[in-house]
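Participant: Pasting a structure below so you can have a look.
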Protein chains: 2
Amino acid sequence: MTSARAVTSNDVARRVGVSQATVSVVLNGARSNIRVSEATRERVTAAAAALGYTPHLAARALRRQRSGIIGFVPRIFRQTPYERPIPYLLSVHIARAAMLGGYHVIEVNAESSEARAGGALIEFLLGQRVDGVIFDAPDSAAEVRRFVERGVPVVQLLRPHPVAAASTITVDPVAGIDGAVAHLAALGHRRIAFIGSSRANPVDQHRLDAFVAALADRAIPIPEAYLQLGLTRAVEGGYDATETLLALPDRPTALLIMGDSLALGALRALYERDVRVPNAMSIVSYDDAFASFLYPPLTSVAQPVREVAERAVTLLAARIEDAAAAHPPEHVVMPTGLVVRASTQPPPGAREGETK
Amino acid sequence: MTSARAVTSNDVARRVGVSQATVSVVLNGARSNIRVSEATRERVTAAAAALGYTPHLAARALRRQRSGIIGFVPRIFRQTPYERPIPYLLSVHIARAAMLGGYHVIEVNAESSEARAGGALIEFLLGQRVDGVIFDAPDSAAEVRRFVERGVPVVQLLRPHPVAAASTITVDPVAGIDGAVAHLAALGHRRIAFIGSSRANPVDQHRLDAFVAALADRAIPIPEAYLQLGLTRAVEGGYDATETLLALPDRPTALLIMGDSLALGALRALYERDVRVPNAMSIVSYDDAFASFLYPPLTSVAQPVREVAERAVTLLAARIEDAAAAHPPEHVVMPTGLVVRASTQPPPGAREGETK
DNA sequence: TTGTAAGCGTTATCAG
DNA sequence: CTGATAACGCTTACAA
């Protein structure tokens, strides 16, 4: 019932009647020129399969001075997974891209800031001697530096901290947000409100700026009350902001909402008040994570999450596989785009009339 | 710019002017009785901190013959968390519980059956010499056996395969489903439809049986057309099933839906046809994963996901930490319960009248 | 109280 | 073409 000691390359060697080194050479494929006869090669692979041999990765990592592992540190949880769709998608795509590149991913999750503050998760990745690390919106610059200091290649995604030697891959919201405003304006909307996060983070500020600029370009006025910022709790934040907007004397006809989770809350507020989407209110979300699953399927500003993930992996792989070369940090910026679905329509009284 | 070799316990030792073994003893805390003087202890810990020493886990695992890692193999991906809510929650709770128990979790994900079939993920966990494995609805019994054969403790969650030596933690749907039917019946519903998966899996069969039995107990008839089974794609499956039910001449007044994702699709179909929930149609979902975020917040049969996760970890920990003892497989069954929210109401013409 | 040394399972560098 | 052999960084008897 208890585990007999796991089978080692030595066991395989003994069974074939060959040295352990030969087993290693055979099993590592075409490395170090083809020096083994076809006959022994076959006997070795057969024996390995028969015994169910699986190389001990820890031993290999120790010897090779390379773990073959990329660490992934997603942003801290808020509430439930359903309120953090982007890190989830990143996780999926990073794992896939890494496997294609011959790496494995170890993802460390903390459900709270405190759990993370202890540093146990970071310490775990350091202890595993990960070959590279991907941060999604790191908690602090200090976390990032832990790796940089040790010469571990790091790439920060989406909401980077300013750390000199770390690469970043971010998304430029301008094209998507301008596209969204253009789309709404073309439909005839002139009362467009914005639901977003506080301006504390430059990324959020950037989105807001893009929105304000897009309105200005089209000479669309923007009352102060149309800017709903500083939301903390995702779904509930969207709900509250929408309630506030609906109570306004001059209610907006369209909402630009900085996240699918926020949009979920907004939809709820609208349903409750019987404000139909898109008939009475148009909605555009940001993320395009699960926007297509909602009813109505939401027009959304799409972040190229998959491309970001793939780029992150190839960027790390290049640094890992040629550690000797100088690798100045790269700063990649990827574009956003608009996906039009069923949540946008001309505003209520514009059905047949001015398109302006 | 390139990584100087990572700092080892040897480096720490040299800096303090003490043997490497002493460093190891100090840093492993109170293990192997207190044999080091307070003075050297302090100098060692100080030096370790100063140098930023992090033990090389691979080396430790090699020596200790224990990785300190629990593997988690969630069921195969479907797109977003909204289509696979349960494994997502399991992941969160397993990671938390493991950390509390002094373990780390490595979770391996495949976005498709093919990616998994290659066995690279399983091979990775075997190679890491995980101390134990948690499967969430394993893909095949063969996967599970790979670990059992090697004496690695295994626990299968929710949808186990019949593998002799593996423990299981499952959920009994009866209490929750009977509770749901009782709740609907008490509200006056007599036309209750069921949206679920094919009967291929015993777990799904069990849920269906529970539903049929609950109806029989209350002498509520169940037309064949009210059983919508064999759905494959989660959100879309719920949508299609609901459309079919709405087209029936004798339309149901309540839906019992075997998953939050299915319910998401159902809600969409209902919104599209302007069937108001709960006024014109009552809905109960199964899972209670994100049921509370939808509008209206759904009455739902709750699976004790967190308890399942915690139990899985403690079960494994017991086996890992006392490998010598005989550990017959355990088969834990946990109960479900009903959470009443806003998606259930008396059926349309029963507002004031017969309750029976 | 501390140091020495063996060995965990690999890979890689040598000779043969 | 193949076999010794020396690390990799750590834990743990055992010796001093």
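Identifiers in the structure tokens: chain A, B, ... in order shown; residue index from 1 per chain; ligand index from 1 in order shown.
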Listing only residues of region 57-122 of chain B within 12 Å of region 54-57 of chain A, what is the closest atom pair and its distance in Å (to one decimal) for each, using only C-alpha atoms, sorted by chain and residue number ascending, as a Markdown table?
Facilitator:
```
| residue | atom | partner | partner_atom | distance |
| --- | --- | --- | --- | --- |
| B:Leu57 | CA | A:Leu57 | CA | 11.4 |
| B:Ala58 | CA | A:Leu57 | CA | 8.1 |
| B:Ala59 | CA | A:Leu57 | CA | 10.5 |
| B:Ala61 | CA | A:Leu57 | CA | 10.1 |
| B:Leu62 | CA | A:His56 | CA | 8.6 |
| B:Gln65 | CA | A:His56 | CA | 10.8 |
| B:Arg66 | CA | A:His56 | CA | 11.7 |
| B:Ser67 | CA | A:Leu57 | CA | 10.7 |
| B:Gly119 | CA | A:Thr54 | CA | 11.9 |
| B:Ala120 | CA | A:Thr54 | CA | 11.2 |
| B:Ile122 | CA | A:Thr54 | CA | 10.5 |
```
Participant: Counting only C-alpha atoms (C1' of nucleotides), which residues of chain A sit at most 8 Å from some atom of chain D, and what is each one's closest atom pair with its distance in Å to one decimal, listed by chain and rising residue number, as a tab-separated table?
Facilitator:
```
residue	atom	partner	partner_atom	distance
A:Ser19	CA	D:DG3	C1'	6.1
A:Ala21	CA	D:DG3	C1'	7.6
A:Thr22	CA	D:DT2	C1'	7.1
A:Arg35	CA	D:DC1	C1'	5.9
A:Val36	CA	D:DC1	C1'	5.9
A:Ser37	CA	D:DC1	C1'	6.7
A:Leu62	CA	D:DC8	C1'	4.8
A:Arg63	CA	D:DC8	C1'	4.5
A:Arg64	CA	D:DC8	C1'	7.6
A:Gln65	CA	D:DC8	C1'	7.3
```
Participant: Could the residues in this selection be written to a file with N, CA and C atoms, as an mmCIF file, in the first residue's frame?
Facilitator:
```
data_model
loop_
_atom_site.group_PDB
_atom_site.id
_atom_site.type_symbol
_atom_site.label_atom_id
_atom_site.label_comp_id
_atom_site.auth_asym_id
_atom_site.auth_seq_id
_atom_site.Cartn_x
_atom_site.Cartn_y
_atom_site.Cartn_z
ATOM 1 N N SER A 19 24.925 1.514 -18.237
ATOM 2 C CA SER A 19 25.200 2.486 -17.187
ATOM 3 C C SER A 19 24.074 3.517 -17.090
ATOM 4 N N ALA A 21 24.326 6.610 -16.899
ATOM 5 C CA ALA A 21 24.565 7.761 -17.768
ATOM 6 C C ALA A 21 23.971 7.532 -19.151
ATOM 7 N N THR A 22 24.090 6.328 -19.627
ATOM 8 C CA THR A 22 23.539 6.005 -20.937
ATOM 9 C C THR A 22 22.025 6.228 -20.960
ATOM 10 N N ARG A 35 25.029 9.441 -29.805
ATOM 11 C CA ARG A 35 26.198 8.637 -29.466
ATOM 12 C C ARG A 35 25.800 7.232 -29.027
ATOM 13 N N VAL A 36 24.515 6.950 -29.043
ATOM 14 C CA VAL A 36 24.087 5.647 -28.543
ATOM 15 C C VAL A 36 23.575 4.793 -29.699
ATOM 16 N N SER A 37 23.907 3.545 -29.688
ATOM 17 C CA SER A 37 23.471 2.647 -30.764
ATOM 18 C C SER A 37 21.961 2.479 -30.733
ATOM 19 N N LEU A 62 18.131 20.763 -10.271
ATOM 20 C CA LEU A 62 19.313 20.990 -9.453
ATOM 21 C C LEU A 62 20.565 20.918 -10.325
ATOM 22 N N ARG A 63 20.589 19.916 -11.137
ATOM 23 C CA ARG A 63 21.769 19.713 -11.973
ATOM 24 C C ARG A 63 21.841 20.755 -13.099
ATOM 25 N N ARG A 64 20.738 20.961 -13.749
ATOM 26 C CA ARG A 64 20.754 21.843 -14.919
ATOM 27 C C ARG A 64 20.816 23.315 -14.549
ATOM 28 N N GLN A 65 20.528 23.605 -13.311
ATOM 29 C CA GLN A 65 20.457 25.006 -12.897
ATOM 30 C C GLN A 65 19.362 25.737 -13.665
#
```
Participant: I need the residues in region 52-143 of chain B that are alpha helix (DSSP H) according to DSSP; give them as a PDB file with C-alpha atoms, in the first residue's frame.
Facilitator:
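Result file out_18.pdb:
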```pdb
ATOM      1  CA  LEU B  57      13.253  23.730  -2.774  1.00  0.00           C
ATOM      2  CA  ALA B  58      14.337  21.251  -5.396  1.00  0.00           C
ATOM      3  CA  ALA B  59      17.426  20.373  -3.416  1.00  0.00           C
ATOM      4  CA  ARG B  60      15.412  20.077  -0.258  1.00  0.00           C
ATOM      5  CA  ALA B  61      12.827  17.896  -1.926  1.00  0.00           C
ATOM      6  CA  LEU B  62      15.537  15.681  -3.308  1.00  0.00           C
ATOM      7  CA  ARG B  63      17.056  15.168   0.056  1.00  0.00           C
ATOM      8  CA  ARG B  64      13.887  14.947   2.081  1.00  0.00           C
ATOM      9  CA  PRO B  85     -17.538  27.868 -11.747  1.00  0.00           C
ATOM     10  CA  ILE B  86     -16.998  24.927  -9.466  1.00  0.00           C
ATOM     11  CA  PRO B  87     -13.430  24.019 -10.360  1.00  0.00           C
ATOM     12  CA  TYR B  88     -12.577  27.656 -10.057  1.00  0.00           C
ATOM     13  CA  LEU B  89     -13.845  27.858  -6.521  1.00  0.00           C
ATOM     14  CA  LEU B  90     -12.157  24.586  -5.670  1.00  0.00           C
ATOM     15  CA  SER B  91      -8.891  25.992  -6.860  1.00  0.00           C
ATOM     16  CA  VAL B  92      -9.190  28.981  -4.600  1.00  0.00           C
ATOM     17  CA  HIS B  93     -10.121  27.031  -1.529  1.00  0.00           C
ATOM     18  CA  ILE B  94      -7.621  24.255  -2.056  1.00  0.00           C
ATOM     19  CA  ALA B  95      -4.777  26.724  -2.367  1.00  0.00           C
ATOM     20  CA  ARG B  96      -5.813  28.433   0.829  1.00  0.00           C
ATOM     21  CA  ALA B  97      -6.299  25.254   2.817  1.00  0.00           C
ATOM     22  CA  ALA B  98      -3.017  23.804   1.590  1.00  0.00           C
ATOM     23  CA  MET B  99      -1.053  26.839   2.630  1.00  0.00           C
ATOM     24  CA  LEU B 100      -2.550  26.639   6.085  1.00  0.00           C
ATOM     25  CA  SER B 113      -9.062  17.171 -24.052  1.00  0.00           C
ATOM     26  CA  GLU B 114      -6.286  16.803 -26.596  1.00  0.00           C
ATOM     27  CA  ALA B 115      -3.807  18.879 -24.665  1.00  0.00           C
ATOM     28  CA  ARG B 116      -4.494  16.663 -21.732  1.00  0.00           C
ATOM     29  CA  ALA B 117      -4.401  13.399 -23.584  1.00  0.00           C
ATOM     30  CA  ALA B 120       2.201  16.113 -20.216  1.00  0.00           C
ATOM     31  CA  LEU B 121       0.377  17.598 -17.275  1.00  0.00           C
ATOM     32  CA  ILE B 122       0.153  14.383 -15.336  1.00  0.00           C
ATOM     33  CA  GLU B 123       3.753  13.679 -16.200  1.00  0.00           C
ATOM     34  CA  PHE B 124       4.707  17.071 -14.819  1.00  0.00           C
ATOM     35  CA  LEU B 125       3.069  16.351 -11.481  1.00  0.00           C
ATOM     36  CA  LEU B 126       4.676  12.933 -11.325  1.00  0.00           C
ATOM     37  CA  GLY B 127       7.999  14.499 -12.168  1.00  0.00           C
ATOM     38  CA  ALA B 141      -9.552   6.425 -14.346  1.00  0.00           C
ATOM     39  CA  ALA B 142      -6.172   5.889 -15.985  1.00  0.00           C
ATOM     40  CA  GLU B 143      -5.017   9.347 -14.943  1.00  0.00           C
TER      41      GLU B 143
END
```
Participant: Using only C-alpha atoms (C1' of nucleotides), I'd like every residue of chain C that has an atom within 9 Å of chain B; please write them out as a list in words.
Facilitator: DT1, DT2, DG3, DG7, DC8 and DG9 of chain C
Participant: Convert the current residue selection to file output with C-alpha atoms (C1' of nucleotides), as a compact mmCIF listing (two decimals), in the first residue's frame.
Facilitator:
```
# COMPACT_ATOMS: atom_id res chain seq x y z
C1' DT C 1 27.96 23.16 20.57
C1' DT C 2 29.75 22.36 16.05
C1' DG C 3 31.97 20.13 11.81
C1' DG C 7 23.58 10.76 -0.44
C1' DC C 8 18.93 12.29 -2.73
C1' DG C 9 18.42 11.63 -8.77
```
Participant: Can you tell me which residues surround Leu248 (chain B) at a distance of at most 12 Å, considering only C-alpha atoms (C1' of nucleotides), apart from same-chain residues fewer than 2 positions away, and format the answer as a PyMOL selection string?
Facilitator: chain B and resi 191+193+223-226+241-246+250-253
Participant: With N, CA and C atoms kept, could you save the residues just selected as an mmCIF file, in the first residue's frame?
Facilitator:
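This is the output file result.cif:
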```
data_model
loop_
_atom_site.group_PDB
_atom_site.id
_atom_site.type_symbol
_atom_site.label_atom_id
_atom_site.label_comp_id
_atom_site.auth_asym_id
_atom_site.auth_seq_id
_atom_site.Cartn_x
_atom_site.Cartn_y
_atom_site.Cartn_z
ATOM 1 N N ARG B 191 -45.965 22.619 -12.127
ATOM 2 C CA ARG B 191 -45.374 22.375 -13.455
ATOM 3 C C ARG B 191 -43.900 22.776 -13.387
ATOM 4 N N ALA B 193 -40.024 22.014 -14.476
ATOM 5 C CA ALA B 193 -39.154 21.353 -15.459
ATOM 6 C C ALA B 193 -37.727 21.268 -14.932
ATOM 7 N N PRO B 223 -44.209 15.540 -17.099
ATOM 8 C CA PRO B 223 -44.239 15.158 -18.522
ATOM 9 C C PRO B 223 -42.824 14.914 -19.025
ATOM 10 N N GLU B 224 -42.696 13.995 -19.929
ATOM 11 C CA GLU B 224 -41.372 13.674 -20.483
ATOM 12 C C GLU B 224 -40.676 14.925 -21.028
ATOM 13 N N ALA B 225 -41.465 15.795 -21.652
ATOM 14 C CA ALA B 225 -40.879 16.985 -22.281
ATOM 15 C C ALA B 225 -40.301 17.958 -21.259
ATOM 16 N N TYR B 226 -40.646 17.793 -20.001
ATOM 17 C CA TYR B 226 -40.118 18.679 -18.970
ATOM 18 C C TYR B 226 -38.688 18.318 -18.560
ATOM 19 N N ALA B 241 -32.315 24.772 -24.029
ATOM 20 C CA ALA B 241 -33.296 23.998 -23.276
ATOM 21 C C ALA B 241 -34.478 24.877 -22.879
ATOM 22 N N THR B 242 -34.166 26.077 -22.468
ATOM 23 C CA THR B 242 -35.228 26.978 -22.036
ATOM 24 C C THR B 242 -36.125 27.366 -23.212
ATOM 25 N N GLU B 243 -35.524 27.611 -24.345
ATOM 26 C CA GLU B 243 -36.330 27.904 -25.536
ATOM 27 C C GLU B 243 -37.297 26.771 -25.828
ATOM 28 N N THR B 244 -36.781 25.561 -25.763
ATOM 29 C CA THR B 244 -37.635 24.394 -26.005
ATOM 30 C C THR B 244 -38.794 24.353 -25.017
ATOM 31 N N LEU B 245 -38.489 24.592 -23.760
ATOM 32 C CA LEU B 245 -39.530 24.524 -22.732
ATOM 33 C C LEU B 245 -40.574 25.620 -22.929
ATOM 34 N N LEU B 246 -40.117 26.800 -23.344
ATOM 35 C CA LEU B 246 -41.054 27.909 -23.514
ATOM 36 C C LEU B 246 -41.994 27.663 -24.695
ATOM 37 N N ASP B 250 -47.910 23.364 -22.903
ATOM 38 C CA ASP B 250 -48.190 23.483 -21.471
ATOM 39 C C ASP B 250 -46.907 23.872 -20.751
ATOM 40 N N ARG B 251 -46.570 25.102 -20.868
ATOM 41 C CA ARG B 251 -45.304 25.631 -20.395
ATOM 42 C C ARG B 251 -45.151 25.483 -18.880
ATOM 43 N N PRO B 252 -43.945 25.112 -18.420
ATOM 44 C CA PRO B 252 -43.741 25.007 -16.969
ATOM 45 C C PRO B 252 -43.780 26.387 -16.310
ATOM 46 N N THR B 253 -43.966 26.367 -14.995
ATOM 47 C CA THR B 253 -43.955 27.628 -14.254
ATOM 48 C C THR B 253 -42.685 27.773 -13.427
#
```
Participant: Restricting the calculation to only C-alpha atoms, which member of B:Ile177, B:Leu264, B:Ala318, B:Ala13 is positioned closest to Val154 (chain B)?
Facilitator: B:Ala318
Participant: Under the rule that only C-alpha atoms are counted, which of B:Ser140, B:Ser24, B:Thr314, B:Gln128 is the nearest residue to chain A?
Facilitator: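 Result for the nearest residue to chain A: B:Gln128.
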